[in-house]
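Student: Provided below: target33.cif, containing mmCIF, C-alpha atoms and all ligand atoms.
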```cif
data_coords
#
loop_
_atom_site.label_atom_id
_atom_site.label_comp_id
_atom_site.auth_asym_id
_atom_site.auth_seq_id
_atom_site.Cartn_x
_atom_site.Cartn_y
_atom_site.Cartn_z
CA THR A 1385 61.29 61.39 107.81
CA LYS A 1386 62.48 58.07 106.54
CA SER A 1387 59.30 56.12 107.23
CA LYS A 1388 57.02 58.66 105.61
CA THR A 1389 55.91 57.64 102.17
CA SER A 1390 55.56 60.25 99.50
CA LYS A 1391 54.09 60.03 96.03
CA PHE A 1392 57.68 59.96 94.77
CA ALA A 1393 58.56 56.90 96.84
CA ASN A 1394 59.02 54.62 93.84
CA VAL A 1395 60.35 57.18 91.47
CA ASN A 1396 64.08 56.87 90.89
CA PHE A 1397 65.12 60.47 91.19
CA GLY A 1398 67.93 59.90 93.63
CA ASP A 1399 68.22 59.35 97.32
CA ARG A 1400 66.38 62.25 98.90
CA GLY A 1401 68.71 62.03 101.88
CA MET A 1402 71.75 62.63 99.70
CA SER A 1403 72.84 66.14 98.86
CA LEU A 1404 73.29 67.20 95.27
CA GLU A 1405 76.96 67.67 96.05
CA GLN A 1406 77.25 64.09 97.28
CA GLU A 1407 75.45 62.80 94.20
CA ILE A 1408 77.84 64.68 91.94
CA ASN A 1409 80.84 63.47 93.94
CA ASP A 1410 79.59 59.90 93.52
CA SER A 1411 79.16 60.43 89.79
CA ASN A 1412 82.68 61.87 89.58
CA THR A 1413 84.06 58.82 91.38
CA TYR A 1414 82.36 56.63 88.79
CA TYR A 1415 83.78 58.71 85.94
CA LEU A 1416 87.24 58.64 87.50
CA GLU A 1417 87.30 54.90 88.21
CA ASN A 1418 86.10 54.13 84.70
CA ASP A 1419 88.70 56.39 83.12
CA ILE A 1420 86.03 58.64 81.62
CA ALA A 1421 86.86 61.99 83.21
CA VAL A 1422 88.83 63.52 86.06
CA ILE A 1423 86.60 65.96 87.92
CA HIS A 1424 87.09 66.89 91.56
CA LYS A 1425 85.31 69.10 94.02
CA LYS A 1426 87.63 71.84 95.17
CA PRO A 1427 88.31 71.90 98.89
CA THR A 1428 86.67 74.71 100.87
CA PRO A 1429 89.23 77.48 101.28
CA ILE A 1430 90.20 78.08 104.89
CA GLN A 1431 92.19 80.88 106.50
CA ILE A 1432 94.35 79.18 109.11
CA VAL A 1433 95.29 81.32 112.11
CA LYS A 1434 96.62 78.93 114.75
CA VAL A 1435 98.03 75.42 114.53
CA ASP A 1436 99.21 73.20 117.40
CA TYR A 1437 101.96 70.66 116.78
CA PRO A 1438 101.57 68.09 119.53
CA LYS A 1439 104.44 65.66 120.05
CA ARG A 1440 104.03 62.34 118.26
CA SER A 1441 100.70 63.22 116.70
CA ALA A 1442 99.25 65.13 113.79
CA ALA A 1443 99.15 68.92 113.64
CA VAL A 1444 95.83 70.31 114.91
CA ILE A 1445 94.31 73.46 113.49
CA ARG A 1446 92.97 75.36 116.51
CA GLU A 1447 91.74 78.55 114.90
CA ALA A 1448 90.65 78.99 111.31
CA TYR A 1449 87.97 80.74 109.30
CA PHE A 1450 86.00 79.95 106.18
CA LYS A 1451 87.06 82.07 103.23
CA GLN A 1452 84.93 83.08 100.28
CA ALA A 1453 85.75 80.74 97.39
CA SER A 1454 87.06 82.63 94.38
CA THR A 1455 86.04 79.93 91.93
CA THR A 1456 83.28 77.39 91.38
CA ASP A 1457 82.82 74.04 93.12
CA TYR A 1458 84.05 71.65 90.48
CA ASN A 1459 86.57 71.50 87.69
CA GLY A 1460 88.50 68.95 85.72
CA VAL A 1461 89.20 67.41 82.36
CA TYR A 1462 87.06 65.40 79.95
CA ARG A 1463 87.96 64.51 76.36
CA GLY A 1464 90.83 66.99 76.56
CA ARG A 1465 88.48 69.82 77.48
CA TYR A 1466 88.43 71.89 80.62
CA LEU A 1467 85.16 71.62 82.54
CA ASP A 1468 84.09 74.02 85.27
CA PHE A 1469 80.78 74.08 87.07
CA GLU A 1470 78.67 74.89 90.07
CA ALA A 1471 75.96 72.77 91.66
CA LYS A 1472 72.93 74.58 93.06
CA GLU A 1473 69.63 73.57 94.58
CA THR A 1474 66.36 75.36 95.10
CA LYS A 1475 63.16 74.46 96.91
CA SER A 1476 61.15 76.62 94.54
CA LYS A 1477 58.81 74.77 92.19
CA THR A 1478 58.59 77.48 89.59
CA ALA A 1479 61.87 79.32 89.14
CA PHE A 1480 65.55 79.30 90.02
CA PRO A 1481 66.49 82.37 92.12
CA LEU A 1482 69.62 84.10 90.85
CA LYS A 1483 70.63 85.04 94.38
CA ASN A 1484 71.94 81.47 94.64
CA PHE A 1485 74.95 82.66 92.65
CA HIS A 1486 77.68 84.92 93.91
CA GLU A 1487 79.23 87.59 91.72
CA HIS A 1488 82.69 85.95 92.06
CA GLN A 1489 81.32 82.64 90.71
CA ILE A 1490 79.85 84.41 87.70
CA LYS A 1491 83.11 86.27 87.15
CA HIS A 1492 85.10 83.03 87.36
CA MET A 1493 82.82 81.33 84.84
CA ARG A 1494 83.19 84.29 82.46
CA GLN A 1495 86.98 84.02 82.75
CA CYS A 1496 86.92 80.28 82.03
CA LEU A 1497 84.54 80.74 79.12
CA SER A 1498 86.88 83.34 77.68
CA GLN A 1499 89.60 80.63 77.71
CA SER A 1500 87.22 78.27 75.85
CA GLY A 1501 86.50 76.20 78.91
CA ILE A 1502 83.13 74.44 79.15
CA CYS A 1503 81.18 76.12 81.94
CA PHE A 1504 77.77 75.25 83.26
CA VAL A 1505 75.60 74.81 86.31
CA ILE A 1506 73.79 71.74 87.52
CA ILE A 1507 70.51 72.91 89.02
CA ARG A 1508 68.26 70.75 91.16
CA PHE A 1509 64.67 71.64 91.87
CA ALA A 1510 64.69 69.66 95.10
CA THR A 1511 60.94 69.65 95.67
CA LEU A 1512 60.23 68.54 92.12
CA GLY A 1513 63.10 66.08 92.00
CA ARG A 1514 64.20 67.52 88.65
CA LEU A 1515 67.73 68.21 87.53
CA PHE A 1516 69.04 70.39 84.73
CA LEU A 1517 72.33 71.27 83.15
CA LEU A 1518 72.33 74.91 82.06
CA THR A 1519 75.28 76.41 80.19
CA ALA A 1520 77.02 79.41 81.72
CA SER A 1521 76.21 81.57 78.69
CA ASP A 1522 72.48 80.92 79.13
CA LEU A 1523 72.85 81.73 82.83
CA PHE A 1524 74.62 85.01 81.98
CA THR A 1525 71.68 86.12 79.83
CA TYR A 1526 69.49 86.16 82.93
CA TRP A 1527 72.22 87.36 85.29
CA ASP A 1528 73.04 90.37 83.10
CA HIS A 1529 69.42 91.50 82.83
CA GLN A 1530 68.65 91.51 86.54
CA GLY A 1531 69.76 95.12 86.88
CA ASP A 1532 67.72 96.62 84.05
CA GLY A 1533 64.33 95.52 85.29
CA GLY A 1534 64.87 91.85 84.47
CA ARG A 1535 63.68 88.99 86.64
CA LYS A 1536 65.58 87.94 89.74
CA SER A 1537 65.07 84.30 88.84
CA ILE A 1538 65.01 81.99 85.86
CA PRO A 1539 61.52 80.55 85.28
CA LEU A 1540 61.38 76.76 85.23
CA THR A 1541 59.64 76.96 81.87
CA ASP A 1542 62.68 78.80 80.46
CA ILE A 1543 65.02 76.23 82.02
CA GLU A 1544 62.96 73.42 80.46
CA HIS A 1545 63.47 75.12 77.12
CA LEU A 1546 67.15 76.13 77.42
CA ALA A 1547 68.73 73.46 79.60
CA VAL A 1548 69.26 69.72 79.25
CA GLU A 1549 67.25 67.73 81.76
CA LEU A 1550 69.32 65.11 83.55
CA HIS A 1551 67.76 61.87 84.75
CA TYR A 1552 69.02 59.90 87.71
CA GLN A 1553 70.36 56.44 87.03
CA ILE A 1554 72.28 53.81 88.93
CA ASN A 1555 75.81 54.59 87.79
CA PRO A 1556 76.79 57.29 87.35
CA ARG A 1557 73.97 58.62 89.48
CA ILE A 1558 73.89 61.88 87.52
CA PRO A 1559 75.11 61.24 83.96
CA TYR A 1560 75.91 64.88 83.27
CA LEU A 1561 78.76 64.17 80.86
CA ASP A 1562 76.24 62.89 78.31
CA ALA A 1563 74.99 66.46 78.02
CA ILE A 1564 78.58 67.70 77.72
CA ASP A 1565 79.18 65.37 74.78
CA ASN A 1566 76.52 67.26 72.85
CA ILE A 1567 78.10 70.61 73.73
CA ILE A 1568 81.56 69.44 72.61
CA ASP A 1569 80.25 67.87 69.41
CA GLU A 1570 78.17 70.95 68.49
CA ALA A 1571 81.16 73.22 69.11
CA SER A 1572 83.47 71.13 66.93
CA SER A 1573 80.93 70.94 64.10
CA ILE A 1574 80.91 74.76 64.03
CA HIS A 1575 84.69 74.96 63.72
CA THR B 1166 119.35 87.30 106.07
CA LYS B 1167 118.22 90.31 104.09
CA SER B 1168 121.39 92.34 104.54
CA LYS B 1169 123.71 89.56 103.56
CA THR B 1170 125.00 89.90 100.04
CA SER B 1171 125.47 86.80 97.97
CA LYS B 1172 127.13 86.35 94.64
CA PHE B 1173 123.62 86.13 93.17
CA ALA B 1174 122.59 89.52 94.57
CA ASN B 1175 122.24 91.17 91.18
CA VAL B 1176 121.05 88.17 89.28
CA ASN B 1177 117.38 88.35 88.44
CA PHE B 1178 116.28 84.85 89.30
CA GLY B 1179 113.43 85.83 91.54
CA ASP B 1180 113.09 87.05 95.06
CA ARG B 1181 114.90 84.52 97.20
CA GLY B 1182 112.50 85.30 100.03
CA MET B 1183 109.54 84.29 97.91
CA SER B 1184 108.50 80.67 97.70
CA LEU B 1185 108.11 78.97 94.34
CA GLU B 1186 104.42 78.66 95.15
CA GLN B 1187 104.11 82.41 95.70
CA GLU B 1188 105.95 83.10 92.46
CA ILE B 1189 103.59 80.84 90.56
CA ASN B 1190 100.57 82.38 92.26
CA ASP B 1191 101.81 85.82 91.21
CA SER B 1192 102.28 84.61 87.65
CA ASN B 1193 98.77 83.16 87.68
CA THR B 1194 97.37 86.48 88.86
CA TYR B 1195 99.10 88.17 85.94
CA TYR B 1196 97.71 85.58 83.50
CA LEU B 1197 94.22 85.94 84.98
CA GLU B 1198 94.16 89.74 84.99
CA ASN B 1199 95.39 89.85 81.42
CA ASP B 1200 92.81 87.33 80.26
CA ILE B 1201 95.51 84.85 79.21
CA ALA B 1202 94.64 81.84 81.38
CA VAL B 1203 92.64 80.86 84.44
CA ILE B 1204 94.87 78.83 86.75
CA HIS B 1205 94.33 78.57 90.49
CA LYS B 1206 96.10 76.86 93.34
CA LYS B 1207 93.77 74.39 94.95
CA PRO B 1208 93.05 75.04 98.62
CA THR B 1209 94.67 72.66 101.10
CA PRO B 1210 92.11 70.03 102.01
CA ILE B 1211 91.12 70.13 105.66
CA GLN B 1212 89.12 67.70 107.77
CA ILE B 1213 86.95 69.87 110.00
CA VAL B 1214 85.99 68.35 113.34
CA LYS B 1215 84.65 71.21 115.45
CA VAL B 1216 83.23 74.61 114.56
CA ASP B 1217 82.05 77.35 116.94
CA TYR B 1218 79.30 79.72 115.85
CA PRO B 1219 79.69 82.79 118.03
CA LYS B 1220 76.81 85.26 118.07
CA ARG B 1221 77.22 88.15 115.66
CA SER B 1222 80.57 86.99 114.31
CA ALA B 1223 82.03 84.57 111.85
CA ALA B 1224 82.13 80.81 112.43
CA VAL B 1225 85.44 79.70 113.96
CA ILE B 1226 86.97 76.33 113.19
CA ARG B 1227 88.31 75.05 116.53
CA GLU B 1228 89.54 71.61 115.55
CA ALA B 1229 90.64 70.49 112.13
CA TYR B 1230 93.33 68.37 110.51
CA PHE B 1231 95.31 68.54 107.31
CA LYS B 1232 94.26 65.89 104.81
CA GLN B 1233 96.41 64.33 102.12
CA ALA B 1234 95.63 66.07 98.84
CA SER B 1235 94.33 63.65 96.20
CA THR B 1236 95.37 65.85 93.30
CA THR B 1237 98.15 68.23 92.29
CA ASP B 1238 98.59 71.84 93.40
CA TYR B 1239 97.37 73.71 90.34
CA ASN B 1240 94.88 73.33 87.54
CA GLY B 1241 92.97 75.48 85.13
CA VAL B 1242 92.30 76.36 81.53
CA TYR B 1243 94.47 77.88 78.82
CA ARG B 1244 93.60 78.10 75.13
CA GLY B 1245 90.73 75.70 75.74
CA ARG B 1246 93.06 73.09 77.18
CA TYR B 1247 93.09 71.64 80.67
CA LEU B 1248 96.35 72.27 82.53
CA ASP B 1249 97.39 70.41 85.66
CA PHE B 1250 100.69 70.68 87.47
CA GLU B 1251 102.76 70.44 90.60
CA ALA B 1252 105.47 72.83 91.79
CA LYS B 1253 108.47 71.31 93.55
CA GLU B 1254 111.78 72.60 94.89
CA THR B 1255 115.03 70.93 95.75
CA LYS B 1256 118.22 72.15 97.38
CA SER B 1257 120.25 69.58 95.48
CA LYS B 1258 122.62 70.97 92.86
CA THR B 1259 122.86 67.81 90.80
CA ALA B 1260 119.56 65.93 90.68
CA PHE B 1261 115.88 66.11 91.49
CA PRO B 1262 114.91 63.48 94.11
CA LEU B 1263 111.79 61.55 93.15
CA LYS B 1264 110.74 61.29 96.79
CA ASN B 1265 109.44 64.85 96.36
CA PHE B 1266 106.46 63.30 94.60
CA HIS B 1267 103.70 61.32 96.24
CA GLU B 1268 102.18 58.28 94.57
CA HIS B 1269 98.72 59.95 94.56
CA GLN B 1270 100.10 62.94 92.64
CA ILE B 1271 101.59 60.65 90.02
CA LYS B 1272 98.34 58.73 89.80
CA HIS B 1273 96.35 61.94 89.39
CA MET B 1274 98.65 63.15 86.61
CA ARG B 1275 98.30 59.81 84.83
CA GLN B 1276 94.51 60.11 85.02
CA CYS B 1277 94.58 63.65 83.63
CA LEU B 1278 96.98 62.66 80.87
CA SER B 1279 94.66 59.83 79.92
CA GLN B 1280 91.93 62.51 79.41
CA SER B 1281 94.32 64.48 77.17
CA GLY B 1282 95.03 67.08 79.81
CA ILE B 1283 98.40 68.86 79.74
CA CYS B 1284 100.31 67.73 82.81
CA PHE B 1285 103.72 68.84 83.98
CA VAL B 1286 105.86 69.83 86.92
CA ILE B 1287 107.67 73.06 87.56
CA ILE B 1288 110.92 72.20 89.29
CA ARG B 1289 113.15 74.72 91.00
CA PHE B 1290 116.74 73.99 91.91
CA ALA B 1291 116.70 76.53 94.71
CA THR B 1292 120.46 76.64 95.31
CA LEU B 1293 121.20 77.07 91.63
CA GLY B 1294 118.34 79.47 91.02
CA ARG B 1295 117.27 77.42 88.01
CA LEU B 1296 113.73 76.55 86.99
CA PHE B 1297 112.45 73.88 84.61
CA LEU B 1298 109.17 72.73 83.20
CA LEU B 1299 109.17 68.95 82.79
CA THR B 1300 106.23 67.12 81.21
CA ALA B 1301 104.49 64.45 83.24
CA SER B 1302 105.32 61.78 80.68
CA ASP B 1303 109.04 62.51 81.03
CA LEU B 1304 108.64 62.39 84.80
CA PHE B 1305 106.88 59.01 84.56
CA THR B 1306 109.83 57.52 82.68
CA TYR B 1307 112.00 58.05 85.76
CA TRP B 1308 109.25 57.30 88.27
CA ASP B 1309 108.44 53.95 86.66
CA HIS B 1310 112.06 52.79 86.65
CA GLN B 1311 112.81 53.45 90.31
CA GLY B 1312 111.69 49.96 91.26
CA ASP B 1313 113.75 47.97 88.78
CA GLY B 1314 117.11 49.32 89.84
CA GLY B 1315 116.58 52.75 88.36
CA ARG B 1316 117.76 55.98 89.97
CA LYS B 1317 115.82 57.58 92.81
CA SER B 1318 116.36 60.98 91.28
CA ILE B 1319 116.45 62.70 87.90
CA PRO B 1320 119.95 64.01 87.11
CA LEU B 1321 120.10 67.72 86.37
CA THR B 1322 121.88 66.89 83.11
CA ASP B 1323 118.83 64.83 82.04
CA ILE B 1324 116.50 67.64 83.07
CA GLU B 1325 118.56 70.12 81.05
CA HIS B 1326 118.08 67.83 78.08
CA LEU B 1327 114.39 66.90 78.52
CA ALA B 1328 112.78 69.92 80.15
CA VAL B 1329 112.27 73.53 79.11
CA GLU B 1330 114.26 75.95 81.23
CA LEU B 1331 112.18 78.86 82.48
CA HIS B 1332 113.73 82.26 83.08
CA TYR B 1333 112.44 84.74 85.61
CA GLN B 1334 111.13 88.01 84.28
CA ILE B 1335 109.18 90.95 85.65
CA ASN B 1336 105.66 89.99 84.65
CA PRO B 1337 104.67 87.23 84.71
CA ARG B 1338 107.47 86.33 87.06
CA ILE B 1339 107.57 82.76 85.74
CA PRO B 1340 106.39 82.74 82.11
CA TYR B 1341 105.60 79.04 82.10
CA LEU B 1342 102.78 79.28 79.56
CA ASP B 1343 105.33 80.07 76.86
CA ALA B 1344 106.56 76.49 77.25
CA ILE B 1345 102.98 75.22 77.14
CA ASP B 1346 102.41 76.97 73.81
CA ASN B 1347 105.08 74.76 72.30
CA ILE B 1348 103.49 71.64 73.78
CA ILE B 1349 100.05 72.55 72.42
CA ASP B 1350 101.39 73.50 68.99
CA GLU B 1351 103.47 70.33 68.68
CA ALA B 1352 100.48 68.20 69.70
CA SER B 1353 98.19 69.83 67.14
CA SER B 1354 100.75 69.49 64.35
CA ILE B 1355 100.81 65.72 65.02
CA HIS B 1356 97.02 65.42 64.71
MG MG A 1601 77.66 74.93 95.09
MG MG A 1602 103.75 71.34 95.56
#
```
Show how you would write the structure in this file as structure tokens.

Tutor:
Amino acid sequence: TKSKTSKFANVNFGDRGMSLEQEINDSNTYYLENDIAVIHKKPTPIQIVKVDYPKRSAAVIREAYFKQASTTDYNGVYRGRYLDFEAKETKSKTAFPLKNFHEHQIKHMRQCLSQSGICFVIIRFATLGRLFLLTASDLFTYWDHQGDGGRKSIPLTDIEHLAVELHYQINPRIPYLDAIDNIIDEASSIH
Amino acid sequence: TKSKTSKFANVNFGDRGMSLEQEINDSNTYYLENDIAVIHKKPTPIQIVKVDYPKRSAAVIREAYFKQASTTDYNGVYRGRYLDFEAKETKSKTAFPLKNFHEHQIKHMRQCLSQSGICFVIIRFATLGRLFLLTASDLFTYWDHQGDGGRKSIPLTDIEHLAVELHYQINPRIPYLDAIDNIIDEASSIH
């Protein structure tokens, strides 16, 4: 509850009442308004069945269903590059469960990667208040080994090693493009 | 009607019963399945007001409204580049009316262009059965001069001069990425 104090009370790791999605949306608004990047959350796909068209007022959807998204949550453009990512949270303190991802999201990220897009996930360990940016190719390593006796989750210690930790700040709240700069610069130094 | 023959009956300019959007979606499916590009139509944004959760069946949206989209219809990645575009049709035989565009779509394309995205519109003159790919910067030239006594439409003769004409084929139905290849190659030869 709001009045309860926790040992994290004075630690600036983001408003605990705000969802990761909202924090990323806020960061994207900052990036957009400052002409840094254009990244939007994709609308939830809906199957519309019935729409009423009342006189002199807006059309009202009266029957519709949520559809499975065929892509990830976010995409856009930064420094001429295509960015595509998912945001995921876990309450676990020790590992990120792979069941948080759907096969179609993995497939979409593979497709984008094959077109030289920059694909990644932003993972929040909600209980720990820690945030990481993990590239899709590192995620795939774990995803692809689930079947052959591999783990069903990525240990936090592995994430600490592989991923870039992101630290909350005022604006943008989650400065995830700083980590992308390194990815772009490393890629171009290879070429 | 389906049985009515027109003078275009044997001309392969696409199924007249199919919307431009459907034709582009089909082309995108071809590009995706052949690992050429990952381009999706963005879902229509919906403001959901009321949802029922019936026992043992899927959630049903019972009240929702269409929201104004803040971006264009399509985006994705091709050859590492970010692509962003709108598809528009007109019945006019002589010019493309600028009122087909919304200010927010223009603004979004300007933002993407400023991040070095590749932005364009696919315009269909439905009555003529002709299709063009016009770059966003060429569109802006006309858009920006509407106010100071400029035309409220882009003459077809100007479009013929500025844009790339696209010709329907079997697969992909609208081979618009061929025109994008030229844009990418010209841009990299300048650098
Ligand atoms: Mg998500
Ligand atoms: Mg459109």

Student: If the limit is 12 Å from any atom of ligand MG 1601 (chain A), counting all atoms listed in the file, which residues qualify? Return them as a compact mmCIF listing (two decimals) with C-alpha atoms, in the coordinates of the input.

Tutor:
```txt
# COMPACT_ATOMS: atom_id res chain seq x y z
CA SER A 1403 72.84 66.14 98.86
CA LEU A 1404 73.29 67.20 95.27
CA GLU A 1405 76.96 67.67 96.05
CA GLN A 1406 77.25 64.09 97.28
CA ILE A 1408 77.84 64.68 91.94
CA ASN A 1409 80.84 63.47 93.94
CA LYS A 1425 85.31 69.10 94.02
CA LYS A 1426 87.63 71.84 95.17
CA PRO A 1427 88.31 71.90 98.89
CA THR A 1428 86.67 74.71 100.87
CA ALA A 1453 85.75 80.74 97.39
CA THR A 1455 86.04 79.93 91.93
CA THR A 1456 83.28 77.39 91.38
CA ASP A 1457 82.82 74.04 93.12
CA TYR A 1458 84.05 71.65 90.48
CA ASP A 1468 84.09 74.02 85.27
CA PHE A 1469 80.78 74.08 87.07
CA GLU A 1470 78.67 74.89 90.07
CA ALA A 1471 75.96 72.77 91.66
CA LYS A 1472 72.93 74.58 93.06
CA GLU A 1473 69.63 73.57 94.58
CA THR A 1474 66.36 75.36 95.10
CA ASN A 1484 71.94 81.47 94.64
CA PHE A 1485 74.95 82.66 92.65
CA HIS A 1486 77.68 84.92 93.91
CA GLN A 1489 81.32 82.64 90.71
CA PHE A 1504 77.77 75.25 83.26
CA VAL A 1505 75.60 74.81 86.31
CA ILE A 1506 73.79 71.74 87.52
CA ILE A 1507 70.51 72.91 89.02
CA ARG A 1508 68.26 70.75 91.16
```

Student: For Val1225 of chain B, please output as a compact mmCIF listing (two decimals) with C-alpha atoms, in the frame of the given file all residues within 10 Å (counting only C-alpha atoms; exclusion window: fewer than 6 positions along the same chain).

Tutor:
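Resulting contents of out08.txt:
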```
# COMPACT_ATOMS: atom_id res chain seq x y z
CA ARG A 1446 92.97 75.36 116.51
CA GLU A 1447 91.74 78.55 114.90
CA ALA A 1448 90.65 78.99 111.31
CA TYR A 1449 87.97 80.74 109.30
CA PHE A 1450 86.00 79.95 106.18
CA LYS B 1215 84.65 71.21 115.45
CA VAL B 1216 83.23 74.61 114.56
CA ASP B 1217 82.05 77.35 116.94
CA TYR B 1218 79.30 79.72 115.85
CA PRO B 1219 79.69 82.79 118.03
```

Student: Near chain B, meaning an atom within 10 Å, which residues of chain A appear when counting all atoms listed in the file? Write them as a PyMOL selection string.

Tutor: chain A and resi 1416-1417+1419-1424+1426-1436+1442-1450+1453-1455+1459-1468+1492-1493+1495-1502

Student: If I take atom CA of Asp1323 of chain B and atom CA of Asp1343 of chain B, how far is one from the other in Å, to one decimal?

Tutor: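 Atom CA of Asp1343 of chain B lies at a distance of 21.0 Å from atom CA of Asp1323 of chain B.
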
Student: When distances are computed from all atoms listed in the file, which of B:Thr1292, B:Asn1199, B:Ser1222, B:Asn1193 shows the smallest separation from Lys1256 of chain B?

Tutor: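 Of the candidates, the smallest distance to Lys1256 of chain B is held by B:Thr1292.
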